[in-house]
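Participant: Let me give you the structure first, and then I'll get to my questions.
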2 protein chains.
Amino acid sequence: MTNEHLQRVARFQEKLKVLGVQGAMITQNVDLYYFTGSMQTGYCFIPAEGEPVFYVRRSVARAQEEAAVHTRPLGSFRAFGAELVQAYPQLAPQAGGPAPQLAAEFDVLPVQQLQRLQSVLPHVEWKDGSAAIRETRMIKSPSELICIREAARVIDAAFEDAMTVLQPGITELELMSRIEYAIRRQGHLGIMRMRGYNQEIITGMVGAGSAAATPTYFDGPAGGLGLSPAAPQSASRRPIAAGEPILIDIGCCIGGYVIDQTRTVVLGALPDHLKRAYDTAEHILRRTEVMLKPGTGCEQLYLQSLELAEEAGLSAHFMGYGDDQVKFLGHGIGLEIDELPVLARGFRYALEPGMVIAIEPKFTFPGEGVVGIENSYLITESGFEKLTTTREGLICLE
Amino acid sequence: MTNEHLQRVARFQEKLKVLGVQGAMITQNVDLYYFTGSMQTGYCFIPAEGEPVFYVRRSVARAQEEAAVHTRPLGSFRAFGAELVQAYPQLAPQAGGPAPQLAAEFDVLPVQQLQRLQSVLPHVEWKDGSAAIRETRMIKSPSELICIREAARVIDAAFEDAMTVLQPGITELELMSRIEYAIRRQGHLGIMRMRGYNQEIITGMVGAGSAAATPTYFDGPAGGLGLSPAAPQSASRRPIAAGEPILIDIGCCIGGYVIDQTRTVVLGALPDHLKRAYDTAEHILRRTEVMLKPGTGCEQLYLQSLELAEEAGLSAHFMGYGDDQVKFLGHGIGLEIDELPVLARGFRYALEPGMVIAIEPKFTFPGEGVVGIENSYLITESGFEKLTTTREGLICLE
């Protein structure tokens, strides 16, 4: 096992002990990659104490090449329970004793998959280990930061390239396609992975004027009109016009890791009230930065942003409009776009070195558009490092 | 309700009656779109008899515009159980009687989501309704076929465009990016949606020579080297060389519906044994077409393809190599890329008019590449209609 994967497993095992379980069964592709270094399909069993084993269904050969942990071919699934008990005697049924308990990813694991596990380990009691996994992944290592920094570089270049073709009449979809083409050639996976059920993000959105302000199901402050009811978010076929806010909320996935950033652009000039709202978004970001250091509560950052929006008289427009407002200011990023911590009510985490957080104050004006800014930040020992490299400020083009 | 959505619901209700449940709770974005016409988040309750209601969490305004079924704001989730029982008295607890039974999408529904439903309807017994949903969606309507035909047109144009830039030295990723750029501008969603747990398909793959033959977790006959262990399938950064098979297995998603096709291309000429394997793939496709008509068993098509591969002495190479072979010849397509029916052992479905199936005989040669062909077909009253429009045959470029 590499030192890095050893540390990931060890940090997770501490949490498993707190949960009081004998181990965890990891099944989701992203979690498997995090703990094993391979995204092949199978089951990685991580005992609360001892060495994990990655039981691989397919491709065994490839997992053996890629994985940092010990791998074994899964073989017949029916025999998997017996094989596990042999390798990990602590999973054996205890006559008269309490049932062994195991954790699984209840936030992403489909019911059918849990039932399959129950069928081969019928005496085991299953518990939700989602939070333990997400909390382990919340703190990034230097090697993870290398990927995120590279993603920041790639998205910045694509953004600047897009600025060279942005002109009245180009559609949101054309501009989005151009950005996607640029990042894909640089090694973007094609999507940013997202953990939330039913949530889907391709590359974020280019949204201008009223289209950007169209509400949608997506759990973010700006939805977008999209292409049809079957793709009801992000870029639409609407042509971009002068004088309207163009929200470019984009990211990419390089080496498995995402970056997330937003800039507001206008062809010509914005109406005063939108300009003022944009300035308020930047002001909120600056005031948030002041507090970005170990110890600050995540909830506190959100509450401060609510206050600042209220002071500006923009509460109704903050992070969406009316019924469609979302209740957060930012979110962790890493292998997925919706990681911990969330800057929102009820998230009691204090900032810690190694957290990477996208912070995105935005204001929505129905019929007019969305304005705002978003940077991704690393929390350091002494404060923060801004990972987003794209120029800031309202970007006004001729 | 539109007539089309009425018919979808009615066909599903027949299956719910067979399952013996009082109704189904639909939650997945694609299933919601299929039954309601909207992909906003929420719960669509479909009783075994009577009218469905779409309880919408977000965006209510947008769902009301889009949905073909009756919508209501979800409101407080805690009150959802009581609201359902009020609207559907058959869901009330029966003193002394059997518990009401409801179906849910156990193949995609995360455990946490089922637990939430159980918390508001604690007296209900939940059953797996996945098969009933997938079987309902298996038969396509004329309006669904319009989207699939349009997707076929878009991918064909992108394929021909790619042929104009394909030359020695271009990387798989560059060619893939070019194809993606072309289809995205035409309204491709950005991904092809896939139902299987942990399965991910962006636009399929461009894979040449040894890279195409690299095994991976993906549940298809050709995997691909991919970009890194965090993106371990599809196109890689490997340059394409003359004389090696270039497998272009691509699709797109237009209006929510996907198409799936494969062509084999070579710069110059293929070695004889690969040419012969390609010809065998075409021969299998032609022999399969002869049997594409209502009444033919799906399993029968797969078994015939195994026989034909064996006759050609190519069994070990058919649909992947060695341990990494997959055990099917084709799959349904529609809103998702992995729909019913599957042409494989154990799938007892007989072909029916309205089914749309991608059929993809392929041969893998480790270190050398993958050859094969894939068309998507509609089953008609009298036989089939080929939906794929791209030219067939081994495509040899200068």
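Residue names in the structure tokens use chain letters A, B, ... in the order shown, residue numbers from 1 in each chain, and ligand numbers from 1 in the order shown.
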Hey, what's within 6 Å of stretch 203-210 of chain B if we count only C-alpha atoms and toss same-chain stuff fewer than 6 positions away? As an NGL selection string, please?
Facilitator: :B and (172 or 176 or 191 or 224 or 234-235 or 244-251 or 367-369)
Participant: Taking only C-alpha atoms into account, which residues of chain B are within 6 Å of chain A, as number ranges by chain?
Facilitator: B: 29, 38, 40-41, 58-59, 106-112, 174, 181, 185, 198, 216-217, 229-230, 255-256
Participant: Give the answer as one residue: which of B:Phe365, B:Tyr377, B:Phe45, B:Trp126 has the shortest atom-to-atom distance to B:Ala316, using only C-alpha atoms?
Facilitator: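 Answer, going by the shortest atom-to-atom distance: B:Phe365.
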Participant: Would you list the contacts of A:Glu144 as a ChimeraX atom specification, taking every protein, DNA or RNA residue within 12 Å and counting only C-alpha atoms, but skipping same-chain residues closer than 3 positions in sequence?
Facilitator: /A:4-5,8,34,37,137-141,147-151,254-259,333-335,354-356,378 /B:230
Participant: Export, as a PDB file, in the first residue's frame, the selected residues with C-alpha atoms.
Facilitator:
ATOM      1  CA  GLU A   4      -1.017   8.001   0.832  1.00  0.00           C
ATOM      2  CA  HIS A   5      -3.640   5.244   0.593  1.00  0.00           C
ATOM      3  CA  ARG A   8      -6.656   7.488   3.831  1.00  0.00           C
ATOM      4  CA  TYR A  34     -10.233   7.099  -3.360  1.00  0.00           C
ATOM      5  CA  GLY A  37      -6.395   3.887  -6.451  1.00  0.00           C
ATOM      6  CA  ARG A 137     -12.473  12.647   1.760  1.00  0.00           C
ATOM      7  CA  MET A 138     -13.056  16.222   2.963  1.00  0.00           C
ATOM      8  CA  ILE A 139      -9.353  16.757   3.766  1.00  0.00           C
ATOM      9  CA  LYS A 140      -7.213  16.754   0.621  1.00  0.00           C
ATOM     10  CA  SER A 141      -3.628  15.541   0.315  1.00  0.00           C
ATOM     11  CA  CYS A 147      -4.940  17.566  -9.824  1.00  0.00           C
ATOM     12  CA  ILE A 148      -7.194  20.368  -8.582  1.00  0.00           C
ATOM     13  CA  ARG A 149      -4.562  22.995  -9.445  1.00  0.00           C
ATOM     14  CA  GLU A 150      -4.193  21.507 -12.916  1.00  0.00           C
ATOM     15  CA  ALA A 151      -7.981  21.600 -13.354  1.00  0.00           C
ATOM     16  CA  ILE A 254      -8.681  16.391 -14.493  1.00  0.00           C
ATOM     17  CA  GLY A 255      -7.150  13.209 -13.096  1.00  0.00           C
ATOM     18  CA  GLY A 256     -10.482  12.633 -11.378  1.00  0.00           C
ATOM     19  CA  TYR A 257     -10.564  15.986  -9.570  1.00  0.00           C
ATOM     20  CA  VAL A 258     -12.841  18.920 -10.265  1.00  0.00           C
ATOM     21  CA  ILE A 259     -12.557  22.670 -10.047  1.00  0.00           C
ATOM     22  CA  ILE A 333     -14.997  19.901  -4.140  1.00  0.00           C
ATOM     23  CA  GLY A 334     -12.680  17.027  -4.947  1.00  0.00           C
ATOM     24  CA  LEU A 335     -13.465  13.796  -6.761  1.00  0.00           C
ATOM     25  CA  GLY A 354      -6.719  20.607   3.486  1.00  0.00           C
ATOM     26  CA  MET A 355     -10.369  21.430   2.875  1.00  0.00           C
ATOM     27  CA  VAL A 356     -11.111  22.650  -0.654  1.00  0.00           C
ATOM     28  CA  LEU A 378      -7.745  25.606  -0.193  1.00  0.00           C
TER      29      LEU A 378
ATOM     30  CA  ALA B 230      -9.698   7.933 -12.461  1.00  0.00           C
TER      31      ALA B 230
END
Participant: Taking only stretch 122-363 of chain A into account, list the residues labelled helix (DSSP H, G or I) by DSSP (computed from the backbone), as a PyMOL selection string.
Facilitator: chain A and resi 130-137+142-163+172-185+209-212+272-290+298-311+315-317+322-324
Participant: Show me, as a ChimeraX atom specification, the residues that have an atom within 9 Å of A:Gln304 when counting only C-alpha atoms, minus same-chain residues fewer than 6 positions from it.
Facilitator: /A:284,287-288
Participant: Take the residues just selected and output them with all heavy atoms as a short mmCIF file (atom, residue, chain, number, x, y, z; two decimals), in the first residue's frame.
Facilitator:
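What follows is the written file again_37.cif:
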data_model
loop_
_atom_site.label_atom_id
_atom_site.label_comp_id
_atom_site.auth_asym_id
_atom_site.auth_seq_id
_atom_site.Cartn_x
_atom_site.Cartn_y
_atom_site.Cartn_z
N ILE A 284 -19.28 40.08 -0.65
CA ILE A 284 -19.52 38.91 0.20
C ILE A 284 -18.32 37.96 0.11
O ILE A 284 -17.86 37.41 1.12
CB ILE A 284 -20.83 38.19 -0.21
CG1 ILE A 284 -22.04 39.05 0.17
CG2 ILE A 284 -20.93 36.81 0.44
CD1 ILE A 284 -23.38 38.52 -0.32
N ARG A 287 -15.44 39.40 2.12
CA ARG A 287 -15.69 39.30 3.56
C ARG A 287 -15.60 37.84 4.03
O ARG A 287 -15.21 37.56 5.15
CB ARG A 287 -17.07 39.88 3.90
CG ARG A 287 -17.12 41.41 3.80
CD ARG A 287 -16.48 42.08 5.02
NE ARG A 287 -17.18 41.73 6.25
CZ ARG A 287 -18.21 42.40 6.75
NH1 ARG A 287 -18.67 43.48 6.13
NH2 ARG A 287 -18.78 42.01 7.86
N THR A 288 -15.95 36.92 3.13
CA THR A 288 -15.82 35.49 3.46
C THR A 288 -14.35 35.12 3.55
O THR A 288 -13.92 34.42 4.47
CB THR A 288 -16.53 34.63 2.39
OG1 THR A 288 -17.89 35.05 2.30
CG2 THR A 288 -16.49 33.16 2.75
#
Participant: For B:Gly295, please output as an NGL selection string all residues within 8 Å (counting only C-alpha atoms; exclusion window: fewer than 4 positions along the same chain).
Facilitator: :B and (350-352)
Participant: Could you list, as a list of chain:residue names, every residue within 8 Å of A:Gly169, counting only C-alpha atoms and ignoring same-chain residues fewer than 5 positions away?
Facilitator: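 Within the cut-off, the hits are A:Pro239, A:Ile240, A:Ala241.
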Participant: Name the residues in contact with B:Glu135 at a cut-off of 10 Å, using only C-alpha atoms, excluding same-chain residues fewer than 2 positions from it; report them as a list in words.
Facilitator: Arg11, Phe12, Lys15, Ser130, Ala131, Ala132, Ile133, Arg137, Met138, Ile139, Glu339, Leu340, Pro341 and Tyr349 of chain B
Participant: Please, which residues of stretch 93-164 of chain B, numbered as in this document, come out strand (DSSP E or B) from DSSP, as a compact mmCIF listing (two decimals) with all heavy atoms, in the first residue's frame?
Facilitator:
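Ended up saving to part31.txt:
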# COMPACT_ATOMS: atom_id res chain seq x y z
N GLN B 101 -48.87 -2.25 0.03
CA GLN B 101 -47.57 -2.49 -0.61
C GLN B 101 -47.35 -1.48 -1.74
O GLN B 101 -48.25 -1.20 -2.52
CB GLN B 101 -47.54 -3.90 -1.20
CG GLN B 101 -47.63 -4.98 -0.13
CD GLN B 101 -47.27 -6.33 -0.69
OE1 GLN B 101 -47.59 -6.64 -1.83
NE2 GLN B 101 -46.58 -7.14 0.10
N LEU B 102 -46.13 -0.94 -1.78
CA LEU B 102 -45.77 0.00 -2.84
C LEU B 102 -44.48 -0.45 -3.51
O LEU B 102 -43.60 -1.04 -2.88
CB LEU B 102 -45.58 1.41 -2.27
CG LEU B 102 -46.85 2.11 -1.76
CD1 LEU B 102 -46.49 3.51 -1.28
CD2 LEU B 102 -47.91 2.18 -2.85
N ALA B 103 -44.38 -0.12 -4.80
CA ALA B 103 -43.17 -0.44 -5.55
C ALA B 103 -42.28 0.80 -5.63
O ALA B 103 -42.77 1.93 -5.65
CB ALA B 103 -43.54 -0.91 -6.96
N ALA B 104 -40.97 0.56 -5.69
CA ALA B 104 -40.00 1.64 -5.90
C ALA B 104 -38.88 1.12 -6.79
O ALA B 104 -38.78 -0.09 -7.05
CB ALA B 104 -39.47 2.14 -4.57
N PRO B 110 -31.16 5.01 -3.90
CA PRO B 110 -30.22 4.81 -2.79
C PRO B 110 -30.94 4.42 -1.49
O PRO B 110 -32.07 4.84 -1.26
CB PRO B 110 -29.54 6.17 -2.64
CG PRO B 110 -29.71 6.85 -3.96
CD PRO B 110 -31.06 6.37 -4.45
N GLU B 125 -45.25 -1.63 3.04
CA GLU B 125 -44.24 -2.61 2.69
C GLU B 125 -43.75 -2.27 1.28
O GLU B 125 -44.56 -2.09 0.36
CB GLU B 125 -44.91 -3.98 2.67
CG GLU B 125 -44.01 -5.14 3.00
CD GLU B 125 -44.89 -6.38 3.18
OE1 GLU B 125 -45.48 -6.57 4.27
OE2 GLU B 125 -45.02 -7.12 2.18
N TRP B 126 -42.43 -2.18 1.10
CA TRP B 126 -41.87 -1.76 -0.19
C TRP B 126 -41.39 -2.94 -1.00
O TRP B 126 -40.76 -3.86 -0.47
CB TRP B 126 -40.73 -0.75 0.05
CG TRP B 126 -41.25 0.52 0.62
CD1 TRP B 126 -41.43 0.81 1.95
CD2 TRP B 126 -41.73 1.66 -0.10
NE1 TRP B 126 -41.97 2.06 2.11
CE2 TRP B 126 -42.16 2.61 0.87
CE3 TRP B 126 -41.83 1.98 -1.45
CZ2 TRP B 126 -42.69 3.86 0.50
CZ3 TRP B 126 -42.34 3.22 -1.81
CH2 TRP B 126 -42.77 4.13 -0.84
N LYS B 127 -41.67 -2.91 -2.28
CA LYS B 127 -41.25 -3.98 -3.18
C LYS B 127 -40.48 -3.39 -4.36
O LYS B 127 -40.63 -2.21 -4.69
CB LYS B 127 -42.48 -4.73 -3.73
CG LYS B 127 -43.16 -5.60 -2.71
CD LYS B 127 -44.38 -6.29 -3.29
CE LYS B 127 -44.04 -7.58 -4.04
NZ LYS B 127 -45.28 -8.40 -4.28
N ASP B 128 -39.70 -4.24 -5.01
CA ASP B 128 -38.90 -3.77 -6.14
C ASP B 128 -39.77 -3.66 -7.40
O ASP B 128 -40.29 -4.66 -7.89
CB ASP B 128 -37.75 -4.74 -6.39
CG ASP B 128 -36.74 -4.17 -7.38
OD1 ASP B 128 -36.98 -3.07 -7.92
OD2 ASP B 128 -35.70 -4.82 -7.61
Participant: Tell me which of B:Leu343, B:Ile379, B:Leu397, B:Val9 sits closest to B:Val326, counting only C-alpha atoms.
Facilitator: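 Comparing B:Leu343, B:Ile379, B:Leu397, B:Val9 against B:Val326, the winner is B:Leu343.
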